[in-house]
Structure formats: C-alpha cells, structure tokens
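Structure file target_13.txt (compact mmCIF, C-alpha atoms) follows.
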# COMPACT_ATOMS: atom_id res chain seq x y z
CA ALA A 1 10.16 0.85 -6.25
CA GLN A 2 13.38 -1.05 -6.73
CA SER A 3 15.76 -1.85 -9.56
CA VAL A 4 19.10 -3.53 -10.07
CA THR A 5 21.84 -2.87 -12.62
CA GLN A 6 24.65 -5.25 -13.44
CA LEU A 7 27.30 -3.01 -14.86
CA ASP A 8 29.03 -5.56 -17.10
CA SER A 9 27.26 -7.99 -19.41
CA HIS A 10 30.51 -9.93 -19.93
CA VAL A 11 33.62 -10.32 -17.76
CA SER A 12 36.68 -12.31 -18.75
CA VAL A 13 39.46 -13.30 -16.32
CA SER A 14 42.37 -15.70 -16.32
CA GLU A 15 42.33 -18.73 -14.07
CA GLY A 16 43.86 -17.89 -10.69
CA THR A 17 43.18 -14.14 -10.94
CA PRO A 18 40.55 -12.21 -8.94
CA VAL A 19 36.94 -11.93 -10.01
CA LEU A 20 34.83 -8.77 -9.65
CA LEU A 21 31.22 -8.68 -10.83
CA ARG A 22 29.53 -5.35 -10.25
CA CYS A 23 25.97 -4.71 -9.13
CA ASN A 24 24.24 -1.46 -8.22
CA TYR A 25 20.75 -1.27 -6.86
CA SER A 26 18.09 1.36 -6.42
CA SER A 27 15.63 1.12 -3.57
CA SER A 28 13.59 3.39 -1.32
CA TYR A 29 14.45 1.18 1.66
CA SER A 30 17.30 -1.02 2.83
CA PRO A 31 16.80 -4.10 0.67
CA SER A 32 17.71 -7.75 0.78
CA LEU A 33 20.22 -8.64 -1.93
CA PHE A 34 21.20 -11.92 -3.55
CA TRP A 35 23.65 -13.35 -6.04
CA TYR A 36 22.67 -16.41 -8.05
CA VAL A 37 24.80 -18.42 -10.47
CA GLN A 38 23.53 -20.24 -13.56
CA HIS A 39 25.60 -22.78 -15.48
CA PRO A 40 24.59 -23.47 -19.10
CA ASN A 41 21.14 -25.03 -19.42
CA LYS A 42 20.77 -25.28 -15.66
CA GLY A 43 18.62 -23.62 -13.03
CA LEU A 44 19.79 -20.80 -10.76
CA GLN A 45 21.78 -21.66 -7.65
CA LEU A 46 21.93 -19.31 -4.68
CA LEU A 47 25.51 -18.11 -4.06
CA LEU A 48 24.89 -15.77 -1.14
CA LYS A 49 22.41 -13.29 0.33
CA TYR A 50 22.43 -10.12 2.39
CA THR A 51 19.52 -9.49 4.75
CA SER A 52 20.65 -6.56 6.96
CA ALA A 53 23.07 -8.49 9.14
CA ALA A 54 26.85 -8.30 8.46
CA THR A 55 27.65 -6.17 5.43
CA LEU A 56 30.31 -8.61 4.20
CA VAL A 57 28.58 -11.79 3.17
CA LYS A 58 30.39 -15.04 2.47
CA GLY A 59 28.86 -17.53 0.08
CA ILE A 60 29.60 -20.86 -1.48
CA ASN A 61 32.63 -21.70 -3.63
CA GLY A 62 34.78 -18.92 -2.15
CA PHE A 63 32.59 -16.03 -3.32
CA GLU A 64 31.75 -13.06 -1.15
CA ALA A 65 29.95 -9.74 -1.54
CA GLU A 66 29.94 -6.49 0.37
CA PHE A 67 26.84 -4.38 0.89
CA LYS A 68 27.73 -0.68 0.63
CA LYS A 69 24.72 1.48 1.35
CA SER A 70 26.51 4.76 0.58
CA GLU A 71 27.41 3.49 -2.89
CA THR A 72 24.20 1.43 -3.37
CA SER A 73 26.39 -1.45 -4.47
CA PHE A 74 26.63 -5.17 -3.85
CA HIS A 75 29.64 -6.34 -5.87
CA LEU A 76 30.56 -10.02 -6.01
CA THR A 77 34.20 -11.01 -5.61
CA LYS A 78 36.40 -14.07 -5.48
CA PRO A 79 40.17 -13.98 -4.85
CA SER A 80 41.12 -16.62 -7.39
CA ALA A 81 39.02 -17.76 -10.35
CA HIS A 82 38.60 -21.41 -11.22
CA MET A 83 37.58 -22.83 -14.57
CA SER A 84 34.39 -24.14 -12.96
CA ASP A 85 33.34 -20.56 -12.13
CA ALA A 86 32.54 -19.89 -15.78
CA ALA A 87 28.79 -19.22 -15.76
CA GLU A 88 26.21 -16.45 -15.74
CA TYR A 89 25.69 -14.51 -12.53
CA PHE A 90 22.54 -12.65 -11.51
CA CYS A 91 22.21 -9.93 -8.89
CA VAL A 92 18.75 -9.80 -7.32
CA VAL A 93 17.04 -7.28 -5.00
CA SER A 94 14.07 -7.65 -2.69
CA PRO A 95 12.35 -5.40 -0.14
CA PRO A 96 13.44 -6.12 3.46
CA SER A 97 11.43 -8.99 4.89
CA GLY A 98 9.41 -8.93 1.73
CA SER A 99 8.05 -11.94 -0.06
CA ALA A 100 9.92 -13.66 -2.86
CA ARG A 101 7.20 -12.41 -5.17
CA GLN A 102 8.89 -9.04 -5.10
CA LEU A 103 12.30 -10.08 -6.40
CA THR A 104 13.81 -7.98 -9.18
CA PHE A 105 16.52 -9.69 -11.28
CA GLY A 106 19.42 -8.02 -13.01
CA SER A 107 20.11 -8.85 -16.65
CA GLY A 108 23.10 -11.02 -15.79
CA THR A 109 26.90 -11.03 -16.18
CA GLN A 110 28.53 -13.77 -18.21
CA LEU A 111 31.85 -14.78 -16.63
CA THR A 112 34.48 -16.38 -18.84
CA VAL A 113 37.56 -17.95 -17.23
CA LEU A 114 40.58 -18.31 -19.51
CA PRO A 115 43.16 -21.07 -18.94
CA ASP B 1 16.96 -35.07 -1.11
CA GLY B 2 14.71 -32.00 -1.11
CA GLY B 3 14.44 -30.05 -4.30
CA ILE B 4 12.53 -28.95 -7.36
CA THR B 5 12.18 -31.07 -10.47
CA GLN B 6 11.08 -29.90 -13.90
CA SER B 7 10.17 -32.03 -16.86
CA PRO B 8 10.80 -32.48 -19.63
CA LYS B 9 14.27 -31.03 -20.07
CA TYR B 10 13.50 -30.21 -23.72
CA LEU B 11 10.06 -29.73 -25.26
CA PHE B 12 9.06 -29.15 -28.85
CA ARG B 13 5.86 -27.37 -29.79
CA LYS B 14 4.10 -27.36 -33.13
CA GLU B 15 2.11 -24.42 -34.41
CA GLY B 16 -1.27 -24.13 -32.72
CA GLN B 17 -0.43 -26.67 -30.06
CA ASN B 18 -0.74 -26.27 -26.30
CA VAL B 19 2.06 -27.79 -24.24
CA THR B 20 2.41 -28.28 -20.50
CA LEU B 21 5.58 -27.98 -18.46
CA SER B 22 5.77 -29.84 -15.18
CA CYS B 23 7.15 -28.50 -11.89
CA GLU B 24 7.22 -30.48 -8.65
CA GLN B 25 8.79 -29.59 -5.29
CA ASN B 26 9.27 -31.52 -2.05
CA LEU B 27 10.57 -28.61 0.00
CA ASN B 28 7.17 -28.06 1.67
CA HIS B 29 7.14 -24.51 0.29
CA ASP B 30 3.83 -22.71 0.00
CA ALA B 31 4.81 -20.39 -2.85
CA MET B 32 5.75 -21.37 -6.40
CA TYR B 33 6.74 -19.32 -9.44
CA TRP B 34 7.24 -19.58 -13.18
CA TYR B 35 9.81 -17.49 -15.01
CA ARG B 36 10.76 -17.08 -18.64
CA GLN B 37 14.40 -16.50 -19.57
CA ASP B 38 15.47 -15.23 -23.00
CA PRO B 39 19.13 -14.98 -24.14
CA GLY B 40 20.98 -12.05 -22.60
CA GLN B 41 18.05 -11.12 -20.38
CA GLY B 42 17.15 -11.55 -16.77
CA LEU B 43 14.19 -13.56 -15.57
CA ARG B 44 10.65 -12.38 -16.18
CA LEU B 45 7.81 -13.55 -13.94
CA ILE B 46 4.94 -15.32 -15.70
CA TYR B 47 2.72 -16.55 -12.84
CA TYR B 48 3.05 -17.18 -9.14
CA SER B 49 1.05 -18.94 -6.46
CA GLN B 50 1.21 -18.29 -2.72
CA ILE B 51 -1.19 -21.05 -1.72
CA VAL B 52 -3.04 -24.02 -3.15
CA ASN B 53 -5.95 -23.16 -5.46
CA ASP B 54 -4.81 -19.56 -5.84
CA PHE B 55 -2.44 -17.94 -8.33
CA GLN B 56 -1.66 -14.50 -9.69
CA LYS B 57 -0.45 -13.13 -13.00
CA GLY B 58 3.09 -11.89 -13.19
CA ASP B 59 4.58 -9.45 -15.65
CA ILE B 60 4.15 -11.52 -18.84
CA ALA B 61 1.15 -13.83 -18.28
CA GLU B 62 -0.45 -13.47 -21.72
CA GLY B 63 -0.48 -16.76 -23.62
CA TYR B 64 0.17 -18.84 -20.50
CA SER B 65 -2.01 -20.59 -17.93
CA VAL B 66 -1.34 -22.41 -14.64
CA SER B 67 -3.06 -24.47 -11.99
CA ARG B 68 -2.24 -25.19 -8.35
CA GLU B 69 -4.31 -28.16 -7.24
CA LYS B 70 -1.59 -29.56 -4.96
CA LYS B 71 1.01 -27.87 -2.81
CA GLU B 72 3.80 -29.81 -4.50
CA SER B 73 2.83 -29.14 -8.10
CA PHE B 74 2.54 -26.03 -10.29
CA PRO B 75 2.23 -26.94 -14.00
CA LEU B 76 2.51 -24.27 -16.69
CA THR B 77 0.64 -24.51 -19.99
CA VAL B 78 1.97 -22.58 -22.97
CA THR B 79 -1.04 -21.98 -25.16
CA SER B 80 -1.27 -21.36 -28.89
CA ALA B 81 -1.91 -17.70 -28.04
CA GLN B 82 1.75 -17.34 -27.03
CA LYS B 83 3.25 -16.33 -30.35
CA ASN B 84 6.90 -16.43 -29.33
CA PRO B 85 7.24 -19.33 -26.89
CA THR B 86 10.86 -20.28 -27.59
CA ALA B 87 12.67 -19.71 -24.29
CA PHE B 88 14.10 -21.36 -21.18
CA TYR B 89 11.43 -21.78 -18.50
CA LEU B 90 12.36 -21.88 -14.82
CA CYS B 91 10.21 -22.91 -11.90
CA ALA B 92 11.00 -21.79 -8.36
CA SER B 93 9.57 -22.09 -4.87
CA SER B 94 9.87 -20.27 -1.55
CA ARG B 95 8.47 -20.06 1.94
CA THR B 96 5.78 -17.45 2.61
CA GLY B 97 6.90 -16.61 6.16
CA GLY B 98 9.92 -16.75 8.41
CA ALA B 99 13.52 -15.73 8.01
CA ASP B 100 14.06 -17.20 4.57
CA GLN B 101 10.89 -16.05 2.86
CA GLU B 102 12.70 -13.83 0.34
CA THR B 103 14.81 -16.69 -1.00
CA GLN B 104 13.68 -18.57 -4.08
CA TYR B 105 14.97 -22.02 -4.94
CA PHE B 106 15.05 -22.98 -8.61
CA GLY B 107 14.50 -26.09 -10.66
CA PRO B 108 16.80 -27.14 -13.53
CA GLY B 109 14.60 -25.61 -16.24
CA THR B 110 12.80 -26.68 -19.41
CA ARG B 111 13.87 -25.46 -22.82
CA LEU B 112 10.91 -24.99 -25.17
CA LEU B 113 11.51 -24.96 -28.90
CA VAL B 114 9.05 -24.38 -31.71
CA LEU B 115 9.04 -26.73 -34.71
The structure given in the file should be rewritten as structure tokens.
Amino acid sequence: AQSVTQLDSHVSVSEGTPVLLRCNYSSSYSPSLFWYVQHPNKGLQLLLKYTSAATLVKGINGFEAEFKKSETSFHLTKPSAHMSDAAEYFCVVSPPSGSARQLTFGSGTQLTVLP
Amino acid sequence: DGGITQSPKYLFRKEGQNVTLSCEQNLNHDAMYWYRQDPGQGLRLIYYSQIVNDFQKGDIAEGYSVSREKKESFPLTVTSAQKNPTAFYLCASSRTGGADQETQYFGPGTRLLVL
C-alpha cells in the first residue's frame, strides 16, 4: 500500500523569495516519486521525478526535490519564486518500476506568489 | 509535436443527456487513463486501458463508460447515471514498459458543466 500527504493546502510567498512545498509519503517499498504542476484550467505538467537514482532531483523551471528515505519526504524547492510559478502542485507516488496505473496523487498545494 | 489533445475545452450537459469527451494521443503510448478532478482534491481514476480493445475500471467508474478501438483514442462517455458530473476531466497516457513506464503525460483537460 502507498499514500502521499501534501502538508500544506496553500502556500504564499513573495516574488524572489524561496519556495518550499512539503510532501510526505508512505510506502512498503522504495517508491518512485513525482511532482506535477497545474496552471488554472490546464493539464498537469511533469516538473521532476525520482526513480532511485540520485536523491537530489533537478527539474524544469529551477525546481528541485530531495528524496529523504529516513524522513519519508520528497519536498519541492526553488531558490527564488517567480510570478509565473503561481499554480497548483501535486506530489505523486508510484511503486518502483511499477506501471502508471498505480500512481497515487496528493491533494495538491496551491502556490500564490505575491509581487 | 507529440502530445495529447482533449476536446472540447468546455462541455455543457443537460439533465438525462449522455455526453462524450474526446482524448487523442500521438505519443505511441499503449496505456491511457481518465481522471476526474474536483476543486481542492487530487485526481481520481475513472478508467484506464493498457492495450487496444481492453480497459479496466478505476476507483470511480460508476456513471461512466469508455472504449478503446484505436491505440490513439480513448473517449469517455458521461452517462445520465452520473448524478454529479460537474468536474474537470483529464486524460493521460503512458508507456507500459521501459524506463519511463511510471510517468503519465496529461492532456489540457475538459471542463464539464451541467445546465
């Protein structure tokens, strides 16, 4: 069994300040983990994924995430927020080498970027 | 350009009416998926298909039907039995083998509204 918890439903930051979106997972194995971003009325876009290679994963648009097995976390960070980062972010977990059928989605974190 | 297209962008349903949402992909992916997204919630799986002429129910299949007659196409019908159809519907696709099989790629979505 697997589950994923996004610890904040809303996060608000000022433009130019760091972003931290928190995700904890529960899994009986070492999972694959993803972050997706969704802009209003759009589909989900893959930001980055962890699949048991390097624990620090770099994604698009300056985002990165670190897999911490001891803390069962996969937090998403960005050093400096941009107005265009305002969107909803989803943390997703999958069994290792499992099929995409087995994805479990978090409930999402809405990121607001203030000017 | 490879990708997933969904149409229409907005769809209005009258009481007792069946409506069909289109999903087409040119990524040569074997697997396709339909999700429902409600405000403030993650994605819930409606149906998925791993191969042509075969599909499986997801977590919330009641009131929906699908077909998979072609690899590229996976239409979703929202039937009159679905009593609360207002939502954002997302189609996705993935490989069924190889290094990237856990990754789903999403279309832009269809918003269904009830008149």
**Asked** Any idea what the distance is between atom CA of Ser32 of chain A and atom CA of Val93 of chain A?
**Response**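 Answer for the atom CA of Ser32 of chain A to atom CA of Val93 of chain A separation: 5.8 Å.
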**Asked** Near Leu90 of chain B, counting only C-alpha atoms, which residues have an atom at most 6 Å away, once you skip same-chain residues fewer than 4 positions from it, shown as a list in words?
**Response**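 Using only C-alpha atoms, the neighbours found are Trp34, Tyr35 and Gly109 of chain B.
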Quick one: everything within 8 Å of Arg111 of chain B, counting only C-alpha atoms, minus sequence neighbours fewer than 5 positions away in the same chain. Send it as a CSV table (one decimal) with C-alpha atoms, keeping the file's coordinate frame.
chain,number,residue,atom,x,y,z
B,9,LYS,CA,14.3,-31.0,-20.1
B,10,TYR,CA,13.5,-30.2,-23.7
B,11,LEU,CA,10.1,-29.7,-25.3
B,86,THR,CA,10.9,-20.3,-27.6
B,87,ALA,CA,12.7,-19.7,-24.3
B,88,PHE,CA,14.1,-21.4,-21.2
B,89,TYR,CA,11.4,-21.8,-18.5
**Message:** Taking 4 positions as the minimum chain separation for residues in the same chain, which residues sit within 8 Å of Thr77 of chain A when counting only C-alpha atoms? Answer as number ranges by chain.
**Reply:** A: 18-21, 63-65
**Request:** Pull out every residue of chain B sitting within 7 Å of chain A, counting all atoms listed in the file, and send them as a ChimeraX atom specification.
**Result:** /B:40-43,90,94,96,101-104,106-109
Give me the residues near Ala86 of chain A as an mmCIF file with C-alpha atoms, in the frame of the given file, where near means some atom within 6 Å (using all atoms listed in the file) and where sequence neighbours in that chain fewer than 2 positions away do not count.
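Output (out-v3.cif):
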data_model
loop_
_atom_site.group_PDB
_atom_site.id
_atom_site.type_symbol
_atom_site.label_atom_id
_atom_site.label_comp_id
_atom_site.auth_asym_id
_atom_site.auth_seq_id
_atom_site.Cartn_x
_atom_site.Cartn_y
_atom_site.Cartn_z
ATOM 1 C CA MET A 83 37.580 -22.830 -14.570
ATOM 2 C CA SER A 84 34.390 -24.140 -12.960
ATOM 3 C CA LEU A 111 31.850 -14.780 -16.630
ATOM 4 C CA THR A 112 34.480 -16.380 -18.840
ATOM 5 C CA VAL A 113 37.560 -17.950 -17.230
#
**Message:** So the first atom is atom CA of Gln6 of chain A and the second is atom CA of Lys68 of chain A; what is the distance between them in Å, to one decimal place?
**Reply:**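 According to the coordinates, atom CA of Gln6 of chain A and atom CA of Lys68 of chain A are separated by 15.1 Å.
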Which centre and which edge lengths, in Å to one decimal, describe the axis-aligned box that holds all listed atoms of segment 18-22 of chain A after 5 Å is added on each side, as AutoDock Vina command-line options?
--center_x 35.0 --center_y -8.8 --center_z -9.9 --size_x 21.0 --size_y 16.9 --size_z 11.9
**Request:** Within 8 Å of Ile60 of chain B, counting only C-alpha atoms, which residues show up once you throw out same-chain ones fewer than 3 positions away? Write them as a PyMOL selection string, please.
**Result:** chain B and resi 44-47+57
Since the input is missing atoms for segment 7-24 of chain A, could you rebuild it with N, CA, C and O atoms and give the result as a PDB file, in the coordinates of the input?
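What landed in result27.pdb:
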ATOM      1  N   LEU A   7      26.583  -3.988 -14.059  1.00  0.00           N
ATOM      2  CA  LEU A   7      27.300  -3.010 -14.860  1.00  0.00           C
ATOM      3  C   LEU A   7      28.049  -3.606 -16.034  1.00  0.00           C
ATOM      4  O   LEU A   7      28.404  -2.879 -16.968  1.00  0.00           O
ATOM      5  N   ASP A   8      28.295  -4.894 -16.015  1.00  0.00           N
ATOM      6  CA  ASP A   8      29.030  -5.560 -17.100  1.00  0.00           C
ATOM      7  C   ASP A   8      28.225  -6.752 -17.585  1.00  0.00           C
ATOM      8  O   ASP A   8      27.852  -7.607 -16.782  1.00  0.00           O
ATOM      9  N   SER A   9      27.971  -6.821 -18.881  1.00  0.00           N
ATOM     10  CA  SER A   9      27.260  -7.990 -19.410  1.00  0.00           C
ATOM     11  C   SER A   9      28.215  -9.178 -19.576  1.00  0.00           C
ATOM     12  O   SER A   9      27.775 -10.325 -19.536  1.00  0.00           O
ATOM     13  N   HIS A  10      29.508  -8.882 -19.784  1.00  0.00           N
ATOM     14  CA  HIS A  10      30.510  -9.930 -19.930  1.00  0.00           C
ATOM     15  C   HIS A  10      31.761  -9.531 -19.146  1.00  0.00           C
ATOM     16  O   HIS A  10      32.192  -8.378 -19.216  1.00  0.00           O
ATOM     17  N   VAL A  11      32.349 -10.508 -18.439  1.00  0.00           N
ATOM     18  CA  VAL A  11      33.620 -10.320 -17.760  1.00  0.00           C
ATOM     19  C   VAL A  11      34.500 -11.528 -18.084  1.00  0.00           C
ATOM     20  O   VAL A  11      34.031 -12.669 -18.033  1.00  0.00           O
ATOM     21  N   SER A  12      35.753 -11.243 -18.416  1.00  0.00           N
ATOM     22  CA  SER A  12      36.680 -12.310 -18.750  1.00  0.00           C
ATOM     23  C   SER A  12      37.903 -12.187 -17.845  1.00  0.00           C
ATOM     24  O   SER A  12      38.479 -11.097 -17.736  1.00  0.00           O
ATOM     25  N   VAL A  13      38.291 -13.289 -17.192  1.00  0.00           N
ATOM     26  CA  VAL A  13      39.460 -13.300 -16.320  1.00  0.00           C
ATOM     27  C   VAL A  13      40.280 -14.545 -16.611  1.00  0.00           C
ATOM     28  O   VAL A  13      39.766 -15.523 -17.172  1.00  0.00           O
ATOM     29  N   SER A  14      41.523 -14.519 -16.207  1.00  0.00           N
ATOM     30  CA  SER A  14      42.370 -15.700 -16.320  1.00  0.00           C
ATOM     31  C   SER A  14      42.247 -16.543 -15.055  1.00  0.00           C
ATOM     32  O   SER A  14      41.997 -16.018 -13.963  1.00  0.00           O
ATOM     33  N   GLU A  15      42.388 -17.827 -15.218  1.00  0.00           N
ATOM     34  CA  GLU A  15      42.330 -18.730 -14.070  1.00  0.00           C
ATOM     35  C   GLU A  15      43.365 -18.304 -13.029  1.00  0.00           C
ATOM     36  O   GLU A  15      44.514 -17.999 -13.377  1.00  0.00           O
ATOM     37  N   GLY A  16      42.947 -18.268 -11.757  1.00  0.00           N
ATOM     38  CA  GLY A  16      43.860 -17.890 -10.690  1.00  0.00           C
ATOM     39  C   GLY A  16      43.885 -16.408 -10.367  1.00  0.00           C
ATOM     40  O   GLY A  16      44.490 -15.998  -9.375  1.00  0.00           O
ATOM     41  N   THR A  17      43.235 -15.588 -11.186  1.00  0.00           N
ATOM     42  CA  THR A  17      43.180 -14.140 -10.940  1.00  0.00           C
ATOM     43  C   THR A  17      41.859 -13.780 -10.266  1.00  0.00           C
ATOM     44  O   THR A  17      40.900 -14.557 -10.315  1.00  0.00           O
ATOM     45  N   PRO A  18      41.789 -12.577  -9.653  1.00  0.00           N
ATOM     46  CA  PRO A  18      40.550 -12.210  -8.940  1.00  0.00           C
ATOM     47  C   PRO A  18      39.378 -11.962  -9.872  1.00  0.00           C
ATOM     48  O   PRO A  18      39.537 -11.559 -11.028  1.00  0.00           O
ATOM     49  N   VAL A  19      38.192 -12.186  -9.311  1.00  0.00           N
ATOM     50  CA  VAL A  19      36.940 -11.930 -10.010  1.00  0.00           C
ATOM     51  C   VAL A  19      36.207 -10.767  -9.335  1.00  0.00           C
ATOM     52  O   VAL A  19      36.122 -10.714  -8.101  1.00  0.00           O
ATOM     53  N   LEU A  20      35.677  -9.853 -10.148  1.00  0.00           N
ATOM     54  CA  LEU A  20      34.830  -8.770  -9.650  1.00  0.00           C
ATOM     55  C   LEU A  20      33.648  -8.634 -10.585  1.00  0.00           C
ATOM     56  O   LEU A  20      33.801  -8.300 -11.756  1.00  0.00           O
ATOM     57  N   LEU A  21      32.454  -8.877 -10.065  1.00  0.00           N
ATOM     58  CA  LEU A  21      31.220  -8.680 -10.830  1.00  0.00           C
ATOM     59  C   LEU A  21      30.433  -7.585 -10.116  1.00  0.00           C
ATOM     60  O   LEU A  21      30.121  -7.711  -8.933  1.00  0.00           O
ATOM     61  N   ARG A  22      30.073  -6.540 -10.868  1.00  0.00           N
ATOM     62  CA  ARG A  22      29.530  -5.350 -10.250  1.00  0.00           C
ATOM     63  C   ARG A  22      28.006  -5.283 -10.324  1.00  0.00           C
ATOM     64  O   ARG A  22      27.419  -5.605 -11.365  1.00  0.00           O
ATOM     65  N   CYS A  23      27.425  -4.831  -9.228  1.00  0.00           N
ATOM     66  CA  CYS A  23      25.970  -4.710  -9.130  1.00  0.00           C
ATOM     67  C   CYS A  23      25.619  -3.449  -8.349  1.00  0.00           C
ATOM     68  O   CYS A  23      26.090  -3.260  -7.222  1.00  0.00           O
ATOM     69  N   ASN A  24      24.793  -2.608  -8.932  1.00  0.00           N
ATOM     70  CA  ASN A  24      24.240  -1.460  -8.220  1.00  0.00           C
ATOM     71  C   ASN A  24      22.735  -1.627  -8.115  1.00  0.00           C
ATOM     72  O   ASN A  24      22.098  -2.182  -9.004  1.00  0.00           O
TER      73      ASN A  24
END
